[in-house]
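What follows is the content of upload.pdb, which has PDB, C-alpha atoms:
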ATOM      1  CA  MET A 176      44.146 -17.212  36.850  1.00  0.00           C
ATOM      2  CA  LYS A 177      42.611 -15.003  39.536  1.00  0.00           C
ATOM      3  CA  ARG A 178      42.859 -12.067  37.203  1.00  0.00           C
ATOM      4  CA  TYR A 179      40.593 -13.788  34.620  1.00  0.00           C
ATOM      5  CA  SER A 180      38.000 -15.019  37.128  1.00  0.00           C
ATOM      6  CA  ARG A 181      37.073 -11.423  37.879  1.00  0.00           C
ATOM      7  CA  TRP A 182      36.141 -10.860  34.222  1.00  0.00           C
ATOM      8  CA  LEU A 183      34.308 -14.167  33.691  1.00  0.00           C
ATOM      9  CA  PRO A 184      30.885 -13.001  35.002  1.00  0.00           C
ATOM     10  CA  LEU A 185      31.170  -9.869  32.849  1.00  0.00           C
ATOM     11  CA  LEU A 186      31.997 -11.949  29.769  1.00  0.00           C
ATOM     12  CA  VAL A 187      29.062 -14.291  30.419  1.00  0.00           C
ATOM     13  CA  LEU A 188      26.713 -11.316  30.822  1.00  0.00           C
ATOM     14  CA  ALA A 189      28.045  -9.711  27.633  1.00  0.00           C
ATOM     15  CA  ALA A 190      27.542 -12.959  25.700  1.00  0.00           C
ATOM     16  CA  PHE A 191      23.973 -13.193  26.984  1.00  0.00           C
ATOM     17  CA  VAL A 192      23.169  -9.599  26.046  1.00  0.00           C
ATOM     18  CA  VAL A 193      24.638 -10.040  22.573  1.00  0.00           C
ATOM     19  CA  SER A 194      22.559 -13.182  21.987  1.00  0.00           C
ATOM     20  CA  CYS A 195      19.298 -11.394  22.935  1.00  0.00           C
ATOM     21  CA  ASN A 196      18.069  -9.112  20.183  1.00  0.00           C
ATOM     22  CA  PRO A 197      14.987  -7.138  21.242  1.00  0.00           C
ATOM     23  CA  PHE A 198      14.445  -6.122  17.599  1.00  0.00           C
ATOM     24  CA  SER A 199      14.183  -9.742  16.506  1.00  0.00           C
ATOM     25  CA  PRO A 200      11.879 -11.462  18.981  1.00  0.00           C
ATOM     26  CA  THR A 201      11.190 -15.161  18.728  1.00  0.00           C
ATOM     27  CA  LEU A 202       8.175 -16.384  16.830  1.00  0.00           C
ATOM     28  CA  ASP A 203       5.080 -16.820  18.976  1.00  0.00           C
ATOM     29  CA  GLU A 204       4.262 -20.483  18.369  1.00  0.00           C
ATOM     30  CA  SER A 205       0.847 -20.069  20.028  1.00  0.00           C
ATOM     31  CA  LEU A 206      -0.428 -18.086  17.031  1.00  0.00           C
ATOM     32  CA  PRO A 207      -2.368 -20.185  14.553  1.00  0.00           C
ATOM     33  CA  GLN A 208      -0.522 -20.982  11.338  1.00  0.00           C
ATOM     34  CA  ASN A 209      -1.474 -18.745   8.404  1.00  0.00           C
ATOM     35  CA  SER A 210      -3.159 -16.259  10.739  1.00  0.00           C
ATOM     36  CA  PHE A 211      -2.513 -13.610   8.093  1.00  0.00           C
ATOM     37  CA  GLY A 212      -4.272 -15.617   5.389  1.00  0.00           C
ATOM     38  CA  ASP A 213      -3.290 -18.543   3.232  1.00  0.00           C
ATOM     39  CA  PRO A 214      -3.258 -17.541  -0.452  1.00  0.00           C
ATOM     40  CA  HIS A 215      -3.595 -21.203  -1.461  1.00  0.00           C
ATOM     41  CA  THR A 216      -7.366 -20.682  -1.091  1.00  0.00           C
ATOM     42  CA  ILE A 217      -9.537 -17.874  -2.463  1.00  0.00           C
ATOM     43  CA  ASP A 218     -10.748 -16.855   1.021  1.00  0.00           C
ATOM     44  CA  GLY A 219      -7.188 -17.065   2.317  1.00  0.00           C
ATOM     45  CA  TYR A 220      -5.974 -14.871  -0.542  1.00  0.00           C
ATOM     46  CA  PHE A 221      -8.370 -12.093   0.435  1.00  0.00           C
ATOM     47  CA  GLN A 222      -7.499 -12.514   4.111  1.00  0.00           C
ATOM     48  CA  ALA A 223      -3.790 -12.155   3.259  1.00  0.00           C
ATOM     49  CA  PHE A 224      -4.586  -9.096   1.113  1.00  0.00           C
ATOM     50  CA  ARG A 225      -6.439  -7.517   4.047  1.00  0.00           C
ATOM     51  CA  SER A 226      -3.559  -8.351   6.410  1.00  0.00           C
ATOM     52  CA  ALA A 227      -1.051  -6.747   4.045  1.00  0.00           C
ATOM     53  CA  TYR A 228      -3.103  -3.548   4.061  1.00  0.00           C
ATOM     54  CA  GLN A 229      -3.807  -3.519   7.786  1.00  0.00           C
ATOM     55  CA  PHE A 230      -0.179  -4.145   8.725  1.00  0.00           C
ATOM     56  CA  ARG A 231       1.011  -1.967   5.833  1.00  0.00           C
ATOM     57  CA  ASP A 232       3.321  -4.791   4.792  1.00  0.00           C
ATOM     58  CA  THR A 233       4.677  -4.428   1.248  1.00  0.00           C
ATOM     59  CA  THR A 234       6.524  -7.758   1.469  1.00  0.00           C
ATOM     60  CA  LEU A 235       3.294  -9.664   2.092  1.00  0.00           C
ATOM     61  CA  TYR A 236       1.464  -7.533  -0.479  1.00  0.00           C
ATOM     62  CA  GLY A 237       4.102  -8.157  -3.146  1.00  0.00           C
ATOM     63  CA  GLN A 238       3.743 -11.930  -2.705  1.00  0.00           C
ATOM     64  CA  LEU A 239       0.095 -11.644  -3.739  1.00  0.00           C
ATOM     65  CA  LEU A 240       0.863 -10.077  -7.132  1.00  0.00           C
ATOM     66  CA  ASP A 241       1.943 -11.901 -10.268  1.00  0.00           C
ATOM     67  CA  PRO A 242       4.957 -10.452 -12.141  1.00  0.00           C
ATOM     68  CA  GLN A 243       2.535  -9.567 -14.991  1.00  0.00           C
ATOM     69  CA  PHE A 244       0.145  -7.762 -12.609  1.00  0.00           C
ATOM     70  CA  VAL A 245      -1.919  -4.816 -13.903  1.00  0.00           C
ATOM     71  CA  PHE A 246      -3.970  -2.452 -11.715  1.00  0.00           C
ATOM     72  CA  SER A 247      -6.701  -0.386 -13.373  1.00  0.00           C
ATOM     73  CA  TYR A 248      -9.240   2.170 -12.248  1.00  0.00           C
ATOM     74  CA  HIS A 249     -11.378   5.037 -13.524  1.00  0.00           C
ATOM     75  CA  ASN A 250     -10.000   8.497 -12.770  1.00  0.00           C
ATOM     76  CA  TYR A 251     -13.150  10.572 -12.340  1.00  0.00           C
ATOM     77  CA  ASP A 252     -11.270  13.891 -12.243  1.00  0.00           C
ATOM     78  CA  ARG A 253      -9.780  13.274 -15.679  1.00  0.00           C
ATOM     79  CA  GLY A 254     -12.586  11.107 -17.046  1.00  0.00           C
ATOM     80  CA  LEU A 255     -10.130   8.381 -18.031  1.00  0.00           C
ATOM     81  CA  ASP A 256      -9.512   4.724 -17.372  1.00  0.00           C
ATOM     82  CA  LEU A 257      -5.921   4.384 -16.153  1.00  0.00           C
ATOM     83  CA  GLN A 258      -3.692   1.419 -15.433  1.00  0.00           C
ATOM     84  CA  TRP A 259      -0.184   0.530 -14.342  1.00  0.00           C
ATOM     85  CA  GLY A 260       1.962  -2.544 -13.834  1.00  0.00           C
ATOM     86  CA  ARG A 261       3.365  -4.325 -10.815  1.00  0.00           C
ATOM     87  CA  ASP A 262       6.413  -2.097 -10.269  1.00  0.00           C
ATOM     88  CA  GLU A 263       4.339   1.075 -10.212  1.00  0.00           C
ATOM     89  CA  GLU A 264       1.725  -0.631  -8.037  1.00  0.00           C
ATOM     90  CA  MET A 265       4.395  -1.502  -5.488  1.00  0.00           C
ATOM     91  CA  LEU A 266       5.617   2.130  -5.500  1.00  0.00           C
ATOM     92  CA  HIS A 267       2.088   3.522  -5.033  1.00  0.00           C
ATOM     93  CA  THR A 268       1.193   1.001  -2.350  1.00  0.00           C
ATOM     94  CA  GLY A 269       4.513   1.504  -0.548  1.00  0.00           C
ATOM     95  CA  ALA A 270       3.864   5.263  -0.456  1.00  0.00           C
ATOM     96  CA  LEU A 271       0.306   4.655   0.783  1.00  0.00           C
ATOM     97  CA  PHE A 272       1.534   2.351   3.539  1.00  0.00           C
ATOM     98  CA  ALA A 273       4.297   4.781   4.571  1.00  0.00           C
ATOM     99  CA  ASN A 274       2.067   7.857   4.695  1.00  0.00           C
ATOM    100  CA  THR A 275      -0.873   6.526   6.678  1.00  0.00           C
ATOM    101  CA  SER A 276      -1.319   5.844  10.338  1.00  0.00           C
ATOM    102  CA  GLU A 277      -3.964   3.160   9.806  1.00  0.00           C
ATOM    103  CA  ILE A 278      -5.693   1.303   6.984  1.00  0.00           C
ATOM    104  CA  ASP A 279      -8.859  -0.686   7.504  1.00  0.00           C
ATOM    105  CA  LEU A 280      -9.964  -2.843   4.587  1.00  0.00           C
ATOM    106  CA  LEU A 281     -13.119  -4.886   4.938  1.00  0.00           C
ATOM    107  CA  TRP A 282     -14.080  -7.356   2.252  1.00  0.00           C
ATOM    108  CA  GLY A 283     -17.799  -7.642   1.619  1.00  0.00           C
ATOM    109  CA  ASN A 284     -19.841 -10.184  -0.263  1.00  0.00           C
ATOM    110  CA  ILE A 285     -18.588 -11.932  -3.348  1.00  0.00           C
ATOM    111  CA  ILE A 286     -20.773 -10.520  -6.110  1.00  0.00           C
ATOM    112  CA  ASP A 287     -19.607 -12.818  -8.884  1.00  0.00           C
ATOM    113  CA  SER A 288     -17.046 -15.587  -9.211  1.00  0.00           C
ATOM    114  CA  VAL A 289     -16.058 -18.221 -11.690  1.00  0.00           C
ATOM    115  CA  GLY A 290     -12.964 -20.343 -11.929  1.00  0.00           C
ATOM    116  CA  ALA A 291     -11.092 -23.585 -11.929  1.00  0.00           C
ATOM    117  CA  ASP A 292      -7.977 -24.972 -10.240  1.00  0.00           C
ATOM    118  CA  THR A 293      -5.548 -22.496 -11.825  1.00  0.00           C
ATOM    119  CA  VAL A 294      -7.649 -19.493 -12.935  1.00  0.00           C
ATOM    120  CA  TYR A 295     -10.247 -17.656 -10.896  1.00  0.00           C
ATOM    121  CA  ASP A 296     -12.191 -14.442 -11.508  1.00  0.00           C
ATOM    122  CA  VAL A 297     -13.897 -12.816  -8.553  1.00  0.00           C
ATOM    123  CA  THR A 298     -15.788  -9.563  -8.059  1.00  0.00           C
ATOM    124  CA  ARG A 299     -16.041  -8.543  -4.457  1.00  0.00           C
ATOM    125  CA  ALA A 300     -17.441  -5.595  -2.493  1.00  0.00           C
ATOM    126  CA  PHE A 301     -15.116  -3.727  -0.177  1.00  0.00           C
ATOM    127  CA  SER A 302     -15.000  -0.865   2.288  1.00  0.00           C
ATOM    128  CA  LEU A 303     -11.750   1.012   2.848  1.00  0.00           C
ATOM    129  CA  ASP A 304     -10.814   3.573   5.505  1.00  0.00           C
ATOM    130  CA  ILE A 305      -7.423   5.274   5.194  1.00  0.00           C
ATOM    131  CA  THR A 306      -6.414   7.244   8.286  1.00  0.00           C
ATOM    132  CA  LEU A 307      -3.852   9.916   7.506  1.00  0.00           C
ATOM    133  CA  THR A 308      -4.204  11.686  10.855  1.00  0.00           C
ATOM    134  CA  SER A 309      -6.735  11.317  13.641  1.00  0.00           C
ATOM    135  CA  SER A 310      -8.836  14.062  12.033  1.00  0.00           C
ATOM    136  CA  ASP A 311      -8.235  13.117   8.376  1.00  0.00           C
ATOM    137  CA  VAL A 312      -9.831   9.812   7.366  1.00  0.00           C
ATOM    138  CA  LEU A 313     -10.598   8.927   3.762  1.00  0.00           C
ATOM    139  CA  HIS A 314     -13.391   6.446   3.107  1.00  0.00           C
ATOM    140  CA  THR A 315     -14.498   4.611   0.012  1.00  0.00           C
ATOM    141  CA  ASP A 316     -16.755   1.719  -0.840  1.00  0.00           C
ATOM    142  CA  GLY A 317     -16.746  -0.164  -4.068  1.00  0.00           C
ATOM    143  CA  ARG A 318     -16.095  -3.339  -5.929  1.00  0.00           C
ATOM    144  CA  ALA A 319     -12.812  -4.998  -6.753  1.00  0.00           C
ATOM    145  CA  VAL A 320     -12.565  -7.266  -9.767  1.00  0.00           C
ATOM    146  CA  PHE A 321      -9.673  -9.724  -9.534  1.00  0.00           C
ATOM    147  CA  HIS A 322      -8.239 -12.159 -12.049  1.00  0.00           C
ATOM    148  CA  LEU A 323      -6.230 -14.681 -10.008  1.00  0.00           C
ATOM    149  CA  VAL A 324      -3.903 -17.336 -11.402  1.00  0.00           C
ATOM    150  CA  ARG A 325      -1.507 -20.037 -10.292  1.00  0.00           C
ATOM    151  CA  SER A 326       0.596 -22.543 -12.224  1.00  0.00           C
ATOM    152  CA  GLN A 327      -0.588 -25.594 -10.302  1.00  0.00           C
ATOM    153  CA  ALA A 328      -3.475 -26.266  -7.936  1.00  0.00           C
ATOM    154  CA  SER A 329      -0.972 -26.580  -5.080  1.00  0.00           C
ATOM    155  CA  ASP A 330       0.503 -23.074  -5.663  1.00  0.00           C
ATOM    156  CA  PRO A 331      -0.739 -19.897  -3.974  1.00  0.00           C
ATOM    157  CA  TRP A 332      -3.060 -17.589  -5.901  1.00  0.00           C
ATOM    158  CA  LYS A 333      -1.590 -14.395  -7.360  1.00  0.00           C
ATOM    159  CA  ALA A 334      -3.399 -11.456  -8.906  1.00  0.00           C
ATOM    160  CA  VAL A 335      -2.717 -10.799 -12.577  1.00  0.00           C
ATOM    161  CA  GLN A 336      -5.351  -8.059 -12.762  1.00  0.00           C
ATOM    162  CA  TRP A 337      -7.185  -5.915 -10.262  1.00  0.00           C
ATOM    163  CA  ARG A 338      -9.782  -3.442 -11.416  1.00  0.00           C
ATOM    164  CA  ASP A 339     -10.848  -1.000  -8.708  1.00  0.00           C
ATOM    165  CA  GLU A 340     -14.487  -0.057  -9.234  1.00  0.00           C
ATOM    166  CA  SER A 341     -14.825   2.446  -6.414  1.00  0.00           C
ATOM    167  CA  ASN A 342     -15.533   6.153  -6.315  1.00  0.00           C
ATOM    168  CA  PHE A 343     -12.102   6.971  -4.908  1.00  0.00           C
TER
END
Could you take the file, read its structure, and then write that structure out as C-alpha cells?
Amino acid sequence: MKRYSRWLPLLVLAAFVVSCNPFSPTLDESLPQNSFGDPHTIDGYFQAFRSAYQFRDTTLYGQLLDPQFVFSYHNYDRGLDLQWGRDEEMLHTGALFANTSEIDLLWGNIIDSVGADTVYDVTRAFSLDITLTSSDVLHTDGRAVFHLVRSQASDPWKAVQWRDESNF
C-alpha cells in the first residue's frame, strides 16, 4: 500500500492536467447572448455577417447562406456580370479569410428595404477594408443588395441572393 501512496499525488495531478484543455476554454458567461448578431432579425443578420467577416469565421458565415445562395457582381476588368453558387462562395470566402490578416466591414445606411415575415429585400451601403499585410490594405465602398428568406417567422434569415454593387 505504501508503494501506491507515493504515486497517488502524481496520478491526481495527471488527471487534473488531462481535464484542463487550454485549447478549449470554457464559455465566458459574462458575454451578452448573441453578441455576434442574431440572424432572427434583419439588424442581427447584418451584425452576424459583419462578425463572420471580422473574425474570419466560415462556420458562422455559412450559417447565413441559404443552400440555393447566389452571389453576383460586375467584373469591371472583363466588362461582365458574373455569379456563382453557395459552394463556390464558401471556397472564395474561405480563401479570403485565410489569406488576410484583418477584415473590417462596416455596414452603412439602409438605402431601400421591403419585406414581410419570410421574405425581405434590402439594399445597404458598406465600407470594406481588407488588410493583407500592414502595408497592403484594399478598400472598397459600395452597396450590397440582399434577398433574405426564412421558412417561418421564427427561423433565422438566410441570404438567397447577394449582389455586390461595389467598385472592387
Just so the selection is clear, what residues does the PyMOL selection byres ((chain A and resi 306) around 6) cover here, as a PyMOL selection string? chain A and resi 275-277+305+307-308+312
Target residues per the PyMOL selection byres ((chain A and resi 220) around 10), formatted as a compact mmCIF listing (two decimals) with C-alpha atoms, in the frame of the given file:
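What ended up in expr01.txt:
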# COMPACT_ATOMS: atom_id res chain seq x y z
CA PHE A 211 -2.51 -13.61 8.09
CA GLY A 212 -4.27 -15.62 5.39
CA ASP A 213 -3.29 -18.54 3.23
CA PRO A 214 -3.26 -17.54 -0.45
CA HIS A 215 -3.60 -21.20 -1.46
CA THR A 216 -7.37 -20.68 -1.09
CA ILE A 217 -9.54 -17.87 -2.46
CA ASP A 218 -10.75 -16.86 1.02
CA GLY A 219 -7.19 -17.07 2.32
CA PHE A 221 -8.37 -12.09 0.44
CA GLN A 222 -7.50 -12.51 4.11
CA ALA A 223 -3.79 -12.16 3.26
CA PHE A 224 -4.59 -9.10 1.11
CA ARG A 225 -6.44 -7.52 4.05
CA SER A 226 -3.56 -8.35 6.41
CA LEU A 239 0.10 -11.64 -3.74
CA LEU A 323 -6.23 -14.68 -10.01
CA PRO A 331 -0.74 -19.90 -3.97
CA TRP A 332 -3.06 -17.59 -5.90
CA LYS A 333 -1.59 -14.40 -7.36
CA ALA A 334 -3.40 -11.46 -8.91
I'd like to see the residues matched by the PyMOL selection byres ((chain A and resi 264-268) around 10) on this file, and ideally I'd get them as JSON, numbers by chain. {"A": [228, 231, 232, 233, 234, 236, 237, 240, 244, 245, 246, 247, 258, 259, 260, 261, 262, 263, 269, 270, 271, 272, 273, 274]}
Computed interatomic separation between CA of Ser329 in chain A and CA of Asp241 in chain A (Å):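 Interatomic distance here is 15.8 Å.
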